[in-house]
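Next comes query_21.csv, a file with CSV, N, CA and C atoms.
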chain,number,residue,atom,x,y,z
A,1,MET,N,25.6,34.1,-96.0
A,1,MET,CA,25.1,35.4,-96.3
A,1,MET,C,26.1,36.4,-95.8
A,2,GLN,N,26.4,37.4,-96.6
A,2,GLN,CA,27.3,38.4,-96.2
A,2,GLN,C,26.5,39.7,-96.0
A,3,VAL,N,26.9,40.4,-95.0
A,3,VAL,CA,26.2,41.7,-94.7
A,3,VAL,C,27.2,42.8,-94.6
A,4,THR,N,26.9,43.9,-95.1
A,4,THR,CA,27.8,45.1,-95.0
A,4,THR,C,27.4,46.0,-93.9
A,5,ASN,N,28.3,46.2,-93.0
A,5,ASN,CA,27.9,47.1,-91.9
A,5,ASN,C,28.1,48.6,-92.3
A,6,LYS,N,27.9,49.5,-91.4
A,6,LYS,CA,27.9,50.9,-91.8
A,6,LYS,C,29.2,51.4,-92.2
A,7,THR,N,30.3,50.7,-91.9
A,7,THR,CA,31.6,51.1,-92.4
A,7,THR,C,32.0,50.5,-93.8
A,8,GLY,N,31.1,49.7,-94.3
A,8,GLY,CA,31.3,49.1,-95.6
A,8,GLY,C,32.1,47.8,-95.6
A,9,ILE,N,32.3,47.3,-94.5
A,9,ILE,CA,33.1,46.0,-94.4
A,9,ILE,C,32.1,44.9,-94.4
A,10,ARG,N,32.4,43.9,-95.3
A,10,ARG,CA,31.6,42.7,-95.4
A,10,ARG,C,31.8,41.8,-94.1
A,11,MET,N,30.7,41.3,-93.6
A,11,MET,CA,30.7,40.4,-92.5
A,11,MET,C,29.7,39.3,-92.7
A,12,ALA,N,30.1,38.1,-92.3
A,12,ALA,CA,29.2,37.0,-92.4
A,12,ALA,C,28.2,37.1,-91.2
A,13,SER,N,26.9,36.8,-91.5
A,13,SER,CA,25.9,36.8,-90.5
A,13,SER,C,25.5,35.4,-90.1
A,14,ASN,N,24.5,34.9,-90.7
A,14,ASN,CA,24.0,33.5,-90.5
A,14,ASN,C,24.9,32.6,-91.3
A,15,ILE,N,25.5,31.6,-90.7
A,15,ILE,CA,26.3,30.7,-91.4
A,15,ILE,C,25.5,29.4,-91.6
A,16,GLY,N,25.4,29.0,-92.8
A,16,GLY,CA,24.6,27.8,-93.1
A,16,GLY,C,25.2,27.0,-94.2
A,17,ILE,N,24.7,25.8,-94.4
A,17,ILE,CA,25.1,24.9,-95.5
A,17,ILE,C,23.9,24.7,-96.3
A,18,GLU,N,24.0,24.9,-97.6
A,18,GLU,CA,22.8,24.6,-98.4
A,18,GLU,C,23.1,23.3,-99.2
A,19,THR,N,22.2,22.4,-99.1
A,19,THR,CA,22.4,21.1,-99.8
A,19,THR,C,21.7,21.2,-101.1
A,20,GLU,N,22.3,20.7,-102.2
A,20,GLU,CA,21.6,20.8,-103.5
A,20,GLU,C,20.4,19.9,-103.6
A,21,ALA,N,20.4,18.8,-102.9
A,21,ALA,CA,19.2,17.9,-103.1
A,21,ALA,C,18.0,18.5,-102.4
A,22,SER,N,18.1,19.0,-101.2
A,22,SER,CA,16.9,19.5,-100.5
A,22,SER,C,16.8,21.0,-100.6
A,23,ALA,N,17.8,21.7,-100.9
A,23,ALA,CA,17.8,23.2,-101.0
A,23,ALA,C,17.4,23.8,-99.6
A,24,THR,N,17.7,23.1,-98.6
A,24,THR,CA,17.5,23.6,-97.2
A,24,THR,C,18.8,24.1,-96.6
A,25,THR,N,18.6,25.0,-95.7
A,25,THR,CA,19.8,25.5,-95.0
A,25,THR,C,19.8,25.1,-93.6
A,26,MET,N,20.9,24.5,-93.2
A,26,MET,CA,21.1,24.0,-91.8
A,26,MET,C,22.1,25.0,-91.1
A,27,ILE,N,21.6,25.6,-90.1
A,27,ILE,CA,22.5,26.5,-89.3
A,27,ILE,C,23.4,25.7,-88.5
A,28,LEU,N,24.7,26.0,-88.5
A,28,LEU,CA,25.7,25.2,-87.8
A,28,LEU,C,25.8,25.8,-86.4
A,29,ASP,N,25.7,24.9,-85.4
A,29,ASP,CA,25.7,25.3,-84.0
A,29,ASP,C,27.0,24.9,-83.3
A,30,ASN,N,27.9,24.1,-84.0
A,30,ASN,CA,29.1,23.7,-83.5
A,30,ASN,C,30.2,24.7,-83.9
A,31,PRO,N,30.9,25.4,-83.0
A,31,PRO,CA,31.8,26.5,-83.4
A,31,PRO,C,33.0,26.0,-84.3
A,32,TYR,N,33.4,24.7,-84.1
A,32,TYR,CA,34.4,24.2,-84.9
A,32,TYR,C,33.9,24.0,-86.3
A,33,LYS,N,32.7,23.6,-86.5
A,33,LYS,CA,32.1,23.4,-87.8
A,33,LYS,C,32.0,24.8,-88.5
A,34,ILE,N,31.6,25.8,-87.7
A,34,ILE,CA,31.4,27.1,-88.3
A,34,ILE,C,32.8,27.6,-88.9
A,35,VAL,N,33.8,27.5,-88.1
A,35,VAL,CA,35.2,27.9,-88.5
A,35,VAL,C,35.6,27.1,-89.7
A,36,ARG,N,35.4,25.8,-89.7
A,36,ARG,CA,35.8,24.9,-90.8
A,36,ARG,C,35.0,25.3,-92.1
A,37,GLN,N,33.7,25.5,-92.0
A,37,GLN,CA,32.9,25.8,-93.1
A,37,GLN,C,33.3,27.2,-93.7
A,38,LEU,N,33.5,28.2,-92.9
A,38,LEU,CA,33.9,29.5,-93.4
A,38,LEU,C,35.2,29.4,-94.1
A,39,ALA,N,36.2,28.7,-93.4
A,39,ALA,CA,37.5,28.7,-94.0
A,39,ALA,C,37.5,27.9,-95.3
A,40,SER,N,36.7,26.9,-95.5
A,40,SER,CA,36.8,26.1,-96.7
A,40,SER,C,35.9,26.7,-97.8
A,41,THR,N,35.1,27.6,-97.6
A,41,THR,CA,34.2,28.2,-98.6
A,41,THR,C,34.6,29.6,-99.0
A,42,ASN,N,35.6,30.2,-98.4
A,42,ASN,CA,36.0,31.5,-98.7
A,42,ASN,C,37.5,31.6,-98.9
A,43,ALA,N,37.9,32.4,-99.9
A,43,ALA,CA,39.4,32.5,-100.2
A,43,ALA,C,40.1,33.0,-99.0
A,44,VAL,N,39.6,34.1,-98.3
A,44,VAL,CA,40.3,34.6,-97.1
A,44,VAL,C,39.2,34.9,-96.1
A,45,VAL,N,39.5,34.5,-94.9
A,45,VAL,CA,38.6,34.7,-93.7
A,45,VAL,C,39.4,35.4,-92.6
A,46,LEU,N,38.8,36.4,-92.1
A,46,LEU,CA,39.5,37.1,-91.0
A,46,LEU,C,38.5,37.1,-89.8
A,47,PHE,N,38.9,36.5,-88.7
A,47,PHE,CA,38.2,36.5,-87.5
A,47,PHE,C,38.7,37.7,-86.7
A,48,SER,N,37.8,38.6,-86.2
A,48,SER,CA,38.2,39.9,-85.7
A,48,SER,C,37.4,40.2,-84.5
A,49,MET,N,37.8,41.2,-83.8
A,49,MET,CA,37.0,41.9,-82.7
A,49,MET,C,36.9,43.4,-83.1
A,50,SER,N,35.8,44.0,-83.0
A,50,SER,CA,35.6,45.3,-83.5
A,50,SER,C,36.4,46.4,-82.9
A,51,GLY,N,36.9,46.2,-81.7
A,51,GLY,CA,37.7,47.2,-81.0
A,51,GLY,C,39.2,46.8,-81.0
A,52,CYS,N,39.6,45.8,-81.7
A,52,CYS,CA,41.0,45.4,-81.7
A,52,CYS,C,41.8,46.1,-82.7
A,53,CYS,N,42.8,46.8,-82.3
A,53,CYS,CA,43.6,47.6,-83.2
A,53,CYS,C,44.4,46.8,-84.1
A,54,MET,N,44.9,45.6,-83.7
A,54,MET,CA,45.7,44.7,-84.6
A,54,MET,C,44.7,44.1,-85.7
A,55,CYS,N,43.5,43.9,-85.3
A,55,CYS,CA,42.5,43.4,-86.3
A,55,CYS,C,42.3,44.5,-87.4
A,56,THR,N,42.3,45.7,-87.0
A,56,THR,CA,42.1,46.8,-87.9
A,56,THR,C,43.4,46.9,-88.9
A,57,VAL,N,44.5,46.6,-88.3
A,57,VAL,CA,45.8,46.6,-89.1
A,57,VAL,C,45.6,45.5,-90.2
A,58,ALA,N,45.2,44.3,-89.7
A,58,ALA,CA,45.0,43.2,-90.7
A,58,ALA,C,44.0,43.5,-91.8
A,59,LYS,N,42.9,44.1,-91.4
A,59,LYS,CA,41.9,44.4,-92.4
A,59,LYS,C,42.4,45.4,-93.4
A,60,ARG,N,43.1,46.4,-92.9
A,60,ARG,CA,43.7,47.5,-93.8
A,60,ARG,C,44.7,46.9,-94.7
A,61,LEU,N,45.5,46.0,-94.2
A,61,LEU,CA,46.6,45.4,-95.1
A,61,LEU,C,45.9,44.6,-96.2
A,62,LEU,N,44.9,43.7,-95.9
A,62,LEU,CA,44.2,42.9,-96.9
A,62,LEU,C,43.5,43.8,-97.9
A,63,PHE,N,42.7,44.8,-97.4
A,63,PHE,CA,42.0,45.7,-98.3
A,63,PHE,C,43.0,46.4,-99.2
A,64,GLY,N,44.1,46.9,-98.6
A,64,GLY,CA,45.1,47.6,-99.4
A,64,GLY,C,45.7,46.8,-100.5
A,65,LEU,N,45.8,45.5,-100.3
A,65,LEU,CA,46.3,44.6,-101.3
A,65,LEU,C,45.2,44.2,-102.4
A,66,GLY,N,44.0,44.7,-102.1
A,66,GLY,CA,42.9,44.4,-103.1
A,66,GLY,C,42.1,43.1,-102.8
A,67,VAL,N,42.3,42.6,-101.6
A,67,VAL,CA,41.6,41.4,-101.1
A,67,VAL,C,40.3,41.8,-100.4
A,68,GLY,N,39.2,41.1,-100.7
A,68,GLY,CA,37.9,41.3,-100.0
A,68,GLY,C,37.7,40.2,-99.1
A,69,PRO,N,38.3,40.1,-97.9
A,69,PRO,CA,38.1,39.0,-97.0
A,69,PRO,C,36.7,38.9,-96.4
A,70,THR,N,36.3,37.7,-96.1
A,70,THR,CA,35.1,37.5,-95.3
A,70,THR,C,35.5,37.8,-93.8
A,71,ILE,N,34.9,38.8,-93.2
A,71,ILE,CA,35.2,39.2,-91.9
A,71,ILE,C,34.1,38.8,-90.9
A,72,ILE,N,34.6,38.1,-89.8
A,72,ILE,CA,33.7,37.7,-88.8
A,72,ILE,C,34.0,38.5,-87.5
A,73,GLU,N,33.2,39.4,-87.1
A,73,GLU,CA,33.4,40.2,-85.9
A,73,GLU,C,32.9,39.4,-84.7
A,74,LEU,N,33.8,38.8,-84.0
A,74,LEU,CA,33.4,37.8,-82.9
A,74,LEU,C,32.5,38.5,-81.8
A,75,ASP,N,32.7,39.8,-81.6
A,75,ASP,CA,31.9,40.4,-80.5
A,75,ASP,C,30.5,40.8,-81.0
A,76,HIS,N,30.2,40.5,-82.3
A,76,HIS,CA,28.9,40.7,-82.8
A,76,HIS,C,28.3,39.5,-83.3
A,77,HIS,N,28.9,38.3,-83.1
A,77,HIS,CA,28.4,37.0,-83.6
A,77,HIS,C,27.9,36.3,-82.4
A,78,GLY,N,26.8,35.6,-82.6
A,78,GLY,CA,26.1,34.8,-81.6
A,78,GLY,C,27.0,33.8,-80.9
A,79,ALA,N,27.8,33.1,-81.8
A,79,ALA,CA,28.7,32.1,-81.3
A,79,ALA,C,30.1,32.6,-81.1
A,80,GLY,N,30.3,33.9,-81.0
A,80,GLY,CA,31.6,34.5,-80.9
A,80,GLY,C,32.5,34.0,-79.9
A,81,PRO,N,32.1,33.9,-78.6
A,81,PRO,CA,33.0,33.4,-77.6
A,81,PRO,C,33.4,31.9,-77.8
A,82,ASP,N,32.5,31.1,-78.4
A,82,ASP,CA,32.8,29.7,-78.7
A,82,ASP,C,33.8,29.6,-79.8
A,83,ILE,N,33.6,30.5,-80.8
A,83,ILE,CA,34.5,30.5,-82.0
A,83,ILE,C,35.9,31.0,-81.5
A,84,GLN,N,35.9,31.9,-80.6
A,84,GLN,CA,37.2,32.4,-80.1
A,84,GLN,C,37.9,31.3,-79.3
A,85,ALA,N,37.2,30.5,-78.6
A,85,ALA,CA,37.8,29.3,-77.9
A,85,ALA,C,38.4,28.4,-78.9
A,86,VAL,N,37.8,28.1,-80.1
A,86,VAL,CA,38.3,27.3,-81.1
A,86,VAL,C,39.6,27.9,-81.7
A,87,LEU,N,39.6,29.2,-81.9
A,87,LEU,CA,40.8,29.9,-82.4
A,87,LEU,C,41.9,29.9,-81.4
A,88,PHE,N,41.6,30.0,-80.2
A,88,PHE,CA,42.6,29.9,-79.1
A,88,PHE,C,43.3,28.5,-79.1
A,89,GLN,N,42.6,27.5,-79.4
A,89,GLN,CA,43.2,26.1,-79.5
A,89,GLN,C,44.1,26.0,-80.7
A,90,LEU,N,43.7,26.8,-81.8
A,90,LEU,CA,44.5,26.7,-83.0
A,90,LEU,C,45.9,27.4,-82.8
A,91,VAL,N,45.9,28.5,-82.1
A,91,VAL,CA,47.2,29.2,-81.9
A,91,VAL,C,48.0,28.4,-80.8
A,92,ALA,N,47.4,27.8,-79.8
A,92,ALA,CA,48.0,26.9,-78.9
A,92,ALA,C,49.3,27.4,-78.2
A,93,ASP,N,49.7,28.6,-78.4
A,93,ASP,CA,51.0,29.0,-77.7
A,93,ASP,C,50.7,30.2,-76.8
A,94,GLY,N,49.4,30.4,-76.4
A,94,GLY,CA,49.1,31.4,-75.5
A,94,GLY,C,48.9,32.8,-76.0
A,95,ARG,N,49.1,32.9,-77.3
A,95,ARG,CA,48.9,34.2,-78.0
A,95,ARG,C,47.5,34.6,-78.1
A,96,GLN,N,47.2,35.9,-78.4
A,96,GLN,CA,45.9,36.3,-78.6
A,96,GLN,C,45.3,35.7,-79.9
A,97,PRO,N,44.1,35.1,-79.8
A,97,PRO,CA,43.6,34.4,-81.0
A,97,PRO,C,43.0,35.3,-82.1
A,98,VAL,N,42.9,36.6,-81.9
A,98,VAL,CA,42.4,37.4,-83.0
A,98,VAL,C,43.4,38.5,-83.2
A,99,PRO,N,43.6,39.0,-84.4
A,99,PRO,CA,43.0,38.5,-85.6
A,99,PRO,C,43.5,37.1,-86.0
A,100,ALA,N,42.6,36.3,-86.5
A,100,ALA,CA,43.0,35.0,-87.0
A,100,ALA,C,42.7,35.0,-88.5
A,101,VAL,N,43.6,34.6,-89.3
A,101,VAL,CA,43.5,34.7,-90.8
A,101,VAL,C,43.6,33.3,-91.4
A,102,PHE,N,42.6,33.0,-92.2
A,102,PHE,CA,42.6,31.7,-93.0
A,102,PHE,C,42.7,32.1,-94.4
A,103,VAL,N,43.6,31.5,-95.2
A,103,VAL,CA,43.8,31.7,-96.6
A,103,VAL,C,43.7,30.4,-97.3
A,104,GLY,N,42.9,30.3,-98.3
A,104,GLY,CA,42.7,29.0,-99.0
A,104,GLY,C,42.3,27.9,-98.2
A,105,GLY,N,41.5,28.1,-97.2
A,105,GLY,CA,41.1,27.0,-96.3
A,105,GLY,C,42.0,26.6,-95.2
A,106,LYS,N,43.2,27.2,-95.2
A,106,LYS,CA,44.2,26.8,-94.2
A,106,LYS,C,44.4,28.0,-93.2
A,107,PHE,N,44.7,27.6,-92.0
A,107,PHE,CA,45.0,28.7,-90.9
A,107,PHE,C,46.4,29.2,-91.2
A,108,LEU,N,46.4,30.5,-91.5
A,108,LEU,CA,47.7,31.2,-91.7
A,108,LEU,C,48.3,31.6,-90.4
A,109,GLY,N,47.5,32.2,-89.5
A,109,GLY,CA,48.0,32.7,-88.2
A,109,GLY,C,47.4,34.0,-87.9
A,110,GLY,N,48.1,34.7,-87.0
A,110,GLY,CA,47.6,36.0,-86.5
A,110,GLY,C,48.3,37.1,-87.2
A,111,ILE,N,48.3,38.3,-86.6
A,111,ILE,CA,48.9,39.5,-87.2
A,111,ILE,C,50.4,39.3,-87.4
A,112,GLU,N,51.1,38.6,-86.5
A,112,GLU,CA,52.6,38.5,-86.7
A,112,GLU,C,52.9,37.7,-88.0
A,113,THR,N,52.2,36.6,-88.2
A,113,THR,CA,52.4,35.8,-89.4
A,113,THR,C,51.9,36.5,-90.6
A,114,LEU,N,50.8,37.2,-90.6
A,114,LEU,CA,50.3,37.9,-91.7
A,114,LEU,C,51.3,39.0,-92.1
A,115,MET,N,51.9,39.8,-91.2
A,115,MET,CA,52.8,40.8,-91.5
A,115,MET,C,54.2,40.2,-92.0
A,116,ALA,N,54.6,39.1,-91.4
A,116,ALA,CA,55.8,38.5,-91.8
A,116,ALA,C,55.7,38.0,-93.2
A,117,CYS,N,54.6,37.4,-93.6
A,117,CYS,CA,54.4,36.9,-95.0
A,117,CYS,C,54.3,38.1,-95.9
A,118,HIS,N,53.8,39.2,-95.5
A,118,HIS,CA,53.7,40.4,-96.4
A,118,HIS,C,55.2,41.0,-96.6
A,119,ILE,N,55.9,41.1,-95.5
A,119,ILE,CA,57.3,41.6,-95.6
A,119,ILE,C,58.2,40.7,-96.4
A,120,ASN,N,58.1,39.4,-96.2
A,120,ASN,CA,59.0,38.5,-96.9
A,120,ASN,C,58.6,38.2,-98.3
A,121,GLY,N,57.4,38.7,-98.8
A,121,GLY,CA,56.9,38.6,-100.1
A,121,GLY,C,56.2,37.3,-100.4
A,122,THR,N,55.8,36.6,-99.4
A,122,THR,CA,55.0,35.3,-99.7
A,122,THR,C,53.5,35.5,-99.6
A,123,LEU,N,53.1,36.6,-99.1
A,123,LEU,CA,51.6,36.8,-98.9
A,123,LEU,C,50.9,36.9,-100.2
A,124,VAL,N,51.3,37.7,-101.2
A,124,VAL,CA,50.6,37.9,-102.4
A,124,VAL,C,50.6,36.6,-103.2
A,125,PRO,N,51.6,35.9,-103.4
A,125,PRO,CA,51.5,34.6,-104.1
A,125,PRO,C,50.5,33.6,-103.4
A,126,LEU,N,50.5,33.6,-102.1
A,126,LEU,CA,49.5,32.8,-101.3
A,126,LEU,C,48.1,33.2,-101.6
A,127,LEU,N,47.9,34.5,-101.6
A,127,LEU,CA,46.5,35.1,-101.9
A,127,LEU,C,46.1,34.7,-103.3
A,128,LYS,N,47.1,34.8,-104.3
A,128,LYS,CA,46.8,34.5,-105.7
A,128,LYS,C,46.4,33.0,-105.8
A,129,GLU,N,47.2,32.2,-105.1
A,129,GLU,CA,46.9,30.7,-105.2
A,129,GLU,C,45.5,30.4,-104.6
A,130,ALA,N,45.1,31.1,-103.6
A,130,ALA,CA,43.8,30.9,-103.0
A,130,ALA,C,42.6,31.5,-103.8
A,131,GLY,N,43.0,32.3,-104.8
A,131,GLY,CA,41.9,32.9,-105.6
A,131,GLY,C,41.4,34.2,-105.0
A,132,ALA,N,42.1,34.8,-104.1
A,132,ALA,CA,41.7,36.1,-103.5
A,132,ALA,C,42.2,37.3,-104.3
A,133,LEU,N,43.2,37.1,-105.2
A,133,LEU,CA,43.8,38.1,-106.0
A,133,LEU,C,43.9,37.5,-107.5
A,134,TRP,N,43.6,38.4,-108.4
A,134,TRP,CA,43.6,38.0,-109.8
A,134,TRP,C,44.7,38.7,-110.6
A,135,LEU,N,45.7,39.3,-109.9
A,135,LEU,CA,46.7,40.1,-110.6
A,135,LEU,C,47.7,39.2,-111.3
Serialized structure, structure tokens:
Amino acid sequence: MQVTNKTGIRMASNIGIETEASATTMILDNPYKIVRQLASTNAVVLFSMSGCCMCTVAKRLLFGLGVGPTIIELDHHGAGPDIQAVLFQLVADGRQPVPAVFVGGKFLGGIETLMACHINGTLVPLLKEAGALWL
């Protein structure tokens, strides 16, 4: 389920898996599964903190390119600290885990990687391949 906050940015709220056979929704309580489910079911996912200036830069870049990412504000999510711990393990080099960008189900990286891909011209083709852009 995606919710729009008062700034107009889409955010995921309750994360669930719906099975076709039973049409029931199971809320994921494992933060690793939440990250994996979000990344695999959305073209672009951005894990963010609402007061993070680099997260705002990442959001503006993606919106400016015409991408509508799924944004998870970790400071407003019930499992935020646990998801942040999972993201910290992904970066594994002691860097800040947010913003964390997933494109096409794969972990792209943080703001440095996102900006580097944009500058060297590889970001737009990556977004097209993931289905986030139709240009």
* Could you please write out, as a PyMOL selection string, every residue of stretch 19-123 of chain A that DSSP assigns to helix (DSSP H, G or I)? => chain A and resi 31-41+53-64+74-76+80-91+111-120+123
If we count only C-alpha atoms, what is near stretch 75-81 of chain A at a cut-off of 8 Å, once residues fewer than 3 positions away on the same chain are taken out, given as an mmCIF file with N, CA and C atoms, in the frame of the given file?
data_model
loop_
_atom_site.group_PDB
_atom_site.id
_atom_site.type_symbol
_atom_site.label_atom_id
_atom_site.label_comp_id
_atom_site.auth_asym_id
_atom_site.auth_seq_id
_atom_site.Cartn_x
_atom_site.Cartn_y
_atom_site.Cartn_z
ATOM 1 N N SER A 13 26.900 36.800 -91.500
ATOM 2 C CA SER A 13 25.900 36.800 -90.500
ATOM 3 C C SER A 13 25.500 35.400 -90.100
ATOM 4 N N ASP A 29 25.700 24.900 -85.400
ATOM 5 C CA ASP A 29 25.700 25.300 -84.000
ATOM 6 C C ASP A 29 27.000 24.900 -83.300
ATOM 7 N N PRO A 31 30.900 25.400 -83.000
ATOM 8 C CA PRO A 31 31.800 26.500 -83.400
ATOM 9 C C PRO A 31 33.000 26.000 -84.300
ATOM 10 N N MET A 49 37.800 41.200 -83.800
ATOM 11 C CA MET A 49 37.000 41.900 -82.700
ATOM 12 C C MET A 49 36.900 43.400 -83.100
ATOM 13 N N SER A 50 35.800 44.000 -83.000
ATOM 14 C CA SER A 50 35.600 45.300 -83.500
ATOM 15 C C SER A 50 36.400 46.400 -82.900
ATOM 16 N N ILE A 72 34.600 38.100 -89.800
ATOM 17 C CA ILE A 72 33.700 37.700 -88.800
ATOM 18 C C ILE A 72 34.000 38.500 -87.500
ATOM 19 N N GLN A 84 35.900 31.900 -80.600
ATOM 20 C CA GLN A 84 37.200 32.400 -80.100
ATOM 21 C C GLN A 84 37.900 31.300 -79.300
ATOM 22 N N ALA A 85 37.200 30.500 -78.600
ATOM 23 C CA ALA A 85 37.800 29.300 -77.900
ATOM 24 C C ALA A 85 38.400 28.400 -78.900
#
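Considering only C-alpha atoms, the residue among A:Val67, A:Ile83, A:Ala100, A:Leu38 positioned nearest to A:Cys52 is A:Ala100.
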* **Contact residues around stretch 115-126 of chain A with all atoms listed in the file at 7 Å, ignoring same-chain residues under 5 positions, as a list in words** =>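 In the requested format, the answer is Val103, Gly104, Gly110, Gly131 and Ala132 of chain A.
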* **Nearest-residue call for A:Gly105, choices A:Ile34, A:Val91, A:Leu65, A:Ala130, using only N, CA and C atoms** => A:Ala130
